[in-house]
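Q: First the structure, then my questions, so here it is.
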Amino acid sequence: QVQLVESGGGSVQAGGSLRLSCAASGLTFSNYVMGWFRQAPGKEREFVAAINWNFASTYYGDSVKGRFTISRDNAKETVYLQMNSLKPEDTAVYYCATHLNWCSGYGCYSRESNYAYWGQGTQVTVSP
């Protein structure tokens, strides 16, 4: 069975950095596009970033572009999210997810309904 386990969340002051990890098991990791989403209290889940299976393309939500970097290590079956210059509005639960692979491009990867498997989430709190 597919499992995605996020780690690396925590509390940080504005301007700081965190690196999230998502370890996958139960699937051929290198075959799948992987994504990160986040959900703040009282808000809908928001697309953060996605990376395709061969590292050739990355995609970012407008609110994190230039500050966050998604990467993956297929040998370790892990996807990462390096978050720099954090802002209080980045406070949310961050989820990694496995894409269904039936479409491609930003419009496809940014839609949560196109993801099949989700982790349990990790909390990121950014204080002013």
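Chain lettering (A, B, ...) mirrors the order of the structure tokens, residue numbering begins at 1 for each chain separately, and ligand numbering begins at 1 in order of display.
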Write out as a compact mmCIF listing (two decimals) with N, CA and C atoms, in the first residue's frame which residues come within 9 Å of range 34-37 of chain A when counting only C-alpha atoms, dropping same-chain ones fewer than 5 positions away.
A:
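Contents of the output file result23.txt:
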```txt
# COMPACT_ATOMS: atom_id res chain seq x y z
N PHE A 29 8.43 5.00 -7.17
CA PHE A 29 8.50 6.44 -6.94
C PHE A 29 8.94 7.20 -8.18
N ARG A 45 -7.22 24.07 0.40
CA ARG A 45 -5.88 23.57 0.13
C ARG A 45 -5.31 24.27 -1.10
N GLU A 46 -4.05 24.64 -1.01
CA GLU A 46 -3.40 25.46 -2.04
C GLU A 46 -2.21 24.74 -2.63
N PHE A 47 -2.07 24.81 -3.94
CA PHE A 47 -0.92 24.22 -4.61
C PHE A 47 0.35 24.99 -4.25
N VAL A 48 1.41 24.26 -3.94
CA VAL A 48 2.69 24.88 -3.61
C VAL A 48 3.72 24.61 -4.71
N ALA A 49 3.94 23.33 -5.02
CA ALA A 49 4.98 23.00 -6.00
C ALA A 49 4.80 21.57 -6.49
N ALA A 50 5.36 21.29 -7.66
CA ALA A 50 5.36 19.94 -8.20
C ALA A 50 6.64 19.73 -8.99
N ILE A 51 7.05 18.48 -9.08
CA ILE A 51 8.25 18.13 -9.83
C ILE A 51 7.96 16.87 -10.62
N ASN A 52 8.39 16.87 -11.89
CA ASN A 52 8.08 15.69 -12.68
C ASN A 52 9.09 14.57 -12.41
N TRP A 53 8.86 13.44 -13.04
CA TRP A 53 9.57 12.23 -12.64
C TRP A 53 11.04 12.27 -12.96
N TYR A 59 7.28 23.19 -10.98
CA TYR A 59 6.16 24.11 -11.07
C TYR A 59 5.89 24.67 -9.67
N ILE A 70 11.48 22.85 -4.93
CA ILE A 70 11.14 21.42 -4.82
C ILE A 70 12.24 20.61 -5.49
N ARG A 72 13.84 16.19 -5.69
CA ARG A 72 13.56 14.79 -5.38
C ARG A 72 14.82 13.96 -5.50
N VAL A 79 10.86 13.23 -1.75
CA VAL A 79 10.72 14.55 -2.35
C VAL A 79 10.90 15.59 -1.25
N TYR A 80 11.53 16.69 -1.59
CA TYR A 80 11.86 17.73 -0.63
C TYR A 80 11.21 19.06 -1.01
N LEU A 81 11.04 19.90 -0.01
CA LEU A 81 10.60 21.27 -0.24
C LEU A 81 11.46 22.18 0.62
N VAL A 93 -0.58 23.59 7.24
CA VAL A 93 -0.19 22.19 7.21
C VAL A 93 0.22 21.88 5.77
N TYR A 94 1.40 21.31 5.61
CA TYR A 94 1.95 21.01 4.29
C TYR A 94 1.82 19.51 4.01
N TYR A 95 1.30 19.21 2.82
CA TYR A 95 1.06 17.83 2.41
C TYR A 95 1.84 17.51 1.15
N CYS A 96 2.39 16.31 1.08
CA CYS A 96 2.92 15.85 -0.20
C CYS A 96 1.90 14.89 -0.81
N ALA A 97 1.98 14.74 -2.12
CA ALA A 97 0.99 13.93 -2.82
C ALA A 97 1.59 13.35 -4.10
N THR A 98 1.01 12.24 -4.52
CA THR A 98 1.45 11.54 -5.73
C THR A 98 0.44 11.79 -6.85
N HIS A 99 0.95 12.26 -7.98
CA HIS A 99 0.07 12.61 -9.10
C HIS A 99 -0.44 11.36 -9.82
N TYR A 109 -0.94 19.86 -12.79
CA TYR A 109 -0.21 19.56 -11.54
C TYR A 109 -0.68 20.42 -10.37
N SER A 110 -1.30 21.54 -10.65
CA SER A 110 -1.73 22.42 -9.57
C SER A 110 -3.11 22.07 -9.03
N GLU A 112 -5.57 19.68 -7.06
CA GLU A 112 -5.44 18.60 -6.08
C GLU A 112 -6.25 17.37 -6.47
N TYR A 115 -4.38 14.27 -7.88
CA TYR A 115 -3.44 13.53 -7.04
C TYR A 115 -4.16 12.36 -6.37
```
Q: For a quick check of understanding, using only C-alpha atoms, which of A:Pro128, A:Gly121, A:Gly107, A:Gly61 has the smallest distance to Lys87 in chain A?
A: A:Pro128
Q: Using the chain letters and numbers from this document, which residues of range 20-114 of chain A does DSSP assign to helix (DSSP H, G or I), as a tab-separated table (two decimals) with C-alpha atoms, in the first residue's frame?
A:
```tsv
chain	number	residue	atom	x	y	z
A	29	PHE	CA	8.50	6.44	-6.94
A	30	SER	CA	10.53	7.40	-10.00
A	31	ASN	CA	7.47	6.96	-12.25
A	88	PRO	CA	3.68	34.41	8.48
A	89	GLU	CA	1.27	33.73	5.62
A	90	ASP	CA	3.19	30.52	4.88
A	106	TYR	CA	0.89	23.55	-14.62
A	107	GLY	CA	-2.89	23.43	-14.94
A	108	CYS	CA	-2.80	19.72	-14.34
A	109	TYR	CA	-0.21	19.56	-11.54
A	112	GLU	CA	-5.44	18.60	-6.08
A	113	SER	CA	-8.09	16.38	-7.66
A	114	ASN	CA	-5.35	15.03	-9.96
```
Q: Determine, counting only C-alpha atoms, which protein, DNA and RNA residues have an atom within 12 Å of an atom of Val126 in chain A; residues of the same chain fewer than 5 positions away are not included. Present the result as a VMD selection string.
A: chain A and resid 9 to 18 40 83 to 93
Q: Next, write the just-selected residues to a file, as a PDB file, in the first residue's frame, keeping N, CA and C atoms as the atom set.
A:
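The new file again38.pdb reads:
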```pdb
ATOM      1  N   GLY A   9       8.611  19.766   9.464  1.00  0.00           N
ATOM      2  CA  GLY A   9       7.868  20.958   9.851  1.00  0.00           C
ATOM      3  C   GLY A   9       8.300  21.460  11.219  1.00  0.00           C
ATOM      4  N   GLY A  10       7.813  22.631  11.573  1.00  0.00           N
ATOM      5  CA  GLY A  10       8.158  23.203  12.870  1.00  0.00           C
ATOM      6  C   GLY A  10       7.809  24.667  12.906  1.00  0.00           C
ATOM      7  N   SER A  11       8.351  25.332  13.915  1.00  0.00           N
ATOM      8  CA  SER A  11       8.107  26.759  14.101  1.00  0.00           C
ATOM      9  C   SER A  11       9.373  27.535  13.777  1.00  0.00           C
ATOM     10  N   VAL A  12       9.209  28.642  13.095  1.00  0.00           N
ATOM     11  CA  VAL A  12      10.354  29.450  12.687  1.00  0.00           C
ATOM     12  C   VAL A  12       9.902  30.904  12.631  1.00  0.00           C
ATOM     13  N   GLN A  13      10.852  31.795  12.783  1.00  0.00           N
ATOM     14  CA  GLN A  13      10.538  33.219  12.661  1.00  0.00           C
ATOM     15  C   GLN A  13      10.534  33.640  11.195  1.00  0.00           C
ATOM     16  N   ALA A  14       9.823  34.710  10.925  1.00  0.00           N
ATOM     17  CA  ALA A  14       9.781  35.243   9.565  1.00  0.00           C
ATOM     18  C   ALA A  14      11.201  35.501   9.059  1.00  0.00           C
ATOM     19  N   GLY A  15      11.419  35.146   7.801  1.00  0.00           N
ATOM     20  CA  GLY A  15      12.740  35.261   7.199  1.00  0.00           C
ATOM     21  C   GLY A  15      13.571  34.004   7.307  1.00  0.00           C
ATOM     22  N   GLY A  16      13.126  33.068   8.128  1.00  0.00           N
ATOM     23  CA  GLY A  16      13.864  31.834   8.325  1.00  0.00           C
ATOM     24  C   GLY A  16      13.594  30.812   7.232  1.00  0.00           C
ATOM     25  N   SER A  17      14.166  29.619   7.427  1.00  0.00           N
ATOM     26  CA  SER A  17      14.069  28.547   6.437  1.00  0.00           C
ATOM     27  C   SER A  17      13.698  27.228   7.107  1.00  0.00           C
ATOM     28  N   LEU A  18      13.057  26.386   6.344  1.00  0.00           N
ATOM     29  CA  LEU A  18      12.770  25.016   6.741  1.00  0.00           C
ATOM     30  C   LEU A  18      12.887  24.130   5.508  1.00  0.00           C
ATOM     31  N   ALA A  40      -4.044  26.290   5.163  1.00  0.00           N
ATOM     32  CA  ALA A  40      -4.077  27.131   6.354  1.00  0.00           C
ATOM     33  C   ALA A  40      -5.456  27.030   6.988  1.00  0.00           C
ATOM     34  N   MET A  83      12.219  25.679   1.893  1.00  0.00           N
ATOM     35  CA  MET A  83      11.438  26.901   2.048  1.00  0.00           C
ATOM     36  C   MET A  83      12.326  27.975   2.672  1.00  0.00           C
ATOM     37  N   ASN A  84      12.569  29.023   1.911  1.00  0.00           N
ATOM     38  CA  ASN A  84      13.387  30.143   2.373  1.00  0.00           C
ATOM     39  C   ASN A  84      12.544  31.408   2.471  1.00  0.00           C
ATOM     40  N   SER A  85      13.072  32.389   3.168  1.00  0.00           N
ATOM     41  CA  SER A  85      12.386  33.682   3.319  1.00  0.00           C
ATOM     42  C   SER A  85      10.938  33.490   3.730  1.00  0.00           C
ATOM     43  N   LEU A  86      10.745  32.678   4.740  1.00  0.00           N
ATOM     44  CA  LEU A  86       9.386  32.343   5.162  1.00  0.00           C
ATOM     45  C   LEU A  86       8.654  33.554   5.718  1.00  0.00           C
ATOM     46  N   LYS A  87       7.351  33.565   5.463  1.00  0.00           N
ATOM     47  CA  LYS A  87       6.472  34.649   5.904  1.00  0.00           C
ATOM     48  C   LYS A  87       5.379  34.082   6.794  1.00  0.00           C
ATOM     49  N   PRO A  88       4.789  34.907   7.652  1.00  0.00           N
ATOM     50  CA  PRO A  88       3.684  34.406   8.480  1.00  0.00           C
ATOM     51  C   PRO A  88       2.553  33.783   7.649  1.00  0.00           C
ATOM     52  N   GLU A  89       2.333  34.288   6.466  1.00  0.00           N
ATOM     53  CA  GLU A  89       1.271  33.734   5.618  1.00  0.00           C
ATOM     54  C   GLU A  89       1.613  32.368   5.031  1.00  0.00           C
ATOM     55  N   ASP A  90       2.824  31.887   5.264  1.00  0.00           N
ATOM     56  CA  ASP A  90       3.189  30.519   4.875  1.00  0.00           C
ATOM     57  C   ASP A  90       2.758  29.495   5.924  1.00  0.00           C
ATOM     58  N   THR A  91       2.253  29.968   7.045  1.00  0.00           N
ATOM     59  CA  THR A  91       1.793  29.080   8.108  1.00  0.00           C
ATOM     60  C   THR A  91       0.650  28.214   7.595  1.00  0.00           C
ATOM     61  N   ALA A  92       0.833  26.898   7.699  1.00  0.00           N
ATOM     62  CA  ALA A  92      -0.151  25.952   7.172  1.00  0.00           C
ATOM     63  C   ALA A  92       0.308  24.538   7.491  1.00  0.00           C
ATOM     64  N   VAL A  93      -0.579  23.589   7.240  1.00  0.00           N
ATOM     65  CA  VAL A  93      -0.191  22.188   7.206  1.00  0.00           C
ATOM     66  C   VAL A  93       0.222  21.879   5.766  1.00  0.00           C
TER      67      VAL A  93
END
```
Q: Please measure the separation of CA of Val5 in chain A and CA of Gln39 in chain A, giving the value in Å to one decimal.
A: 16.6 Å
Q: When DSSP works through the backbone of this structure, what residues of range 27-114 of chain A end up as strand (DSSP E or B), shown as a VMD selection string?
A: chain A and resid 34 to 39 46 to 51 58 to 60 68 to 73 78 to 83 92 to 99
Q: When distances are computed from only C-alpha atoms, which of A:Tyr60, A:Trp102, A:Phe68, A:Trp118 shows the smallest separation from Ala24 in chain A?
A: A:Trp118
Q: Please report the interatomic distance between CA of Glu77 in chain A and CA of Asp62 in chain A in Å with one decimal.
A: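 According to the coordinates, CA of Glu77 in chain A and CA of Asp62 in chain A are separated by 26.7 Å.
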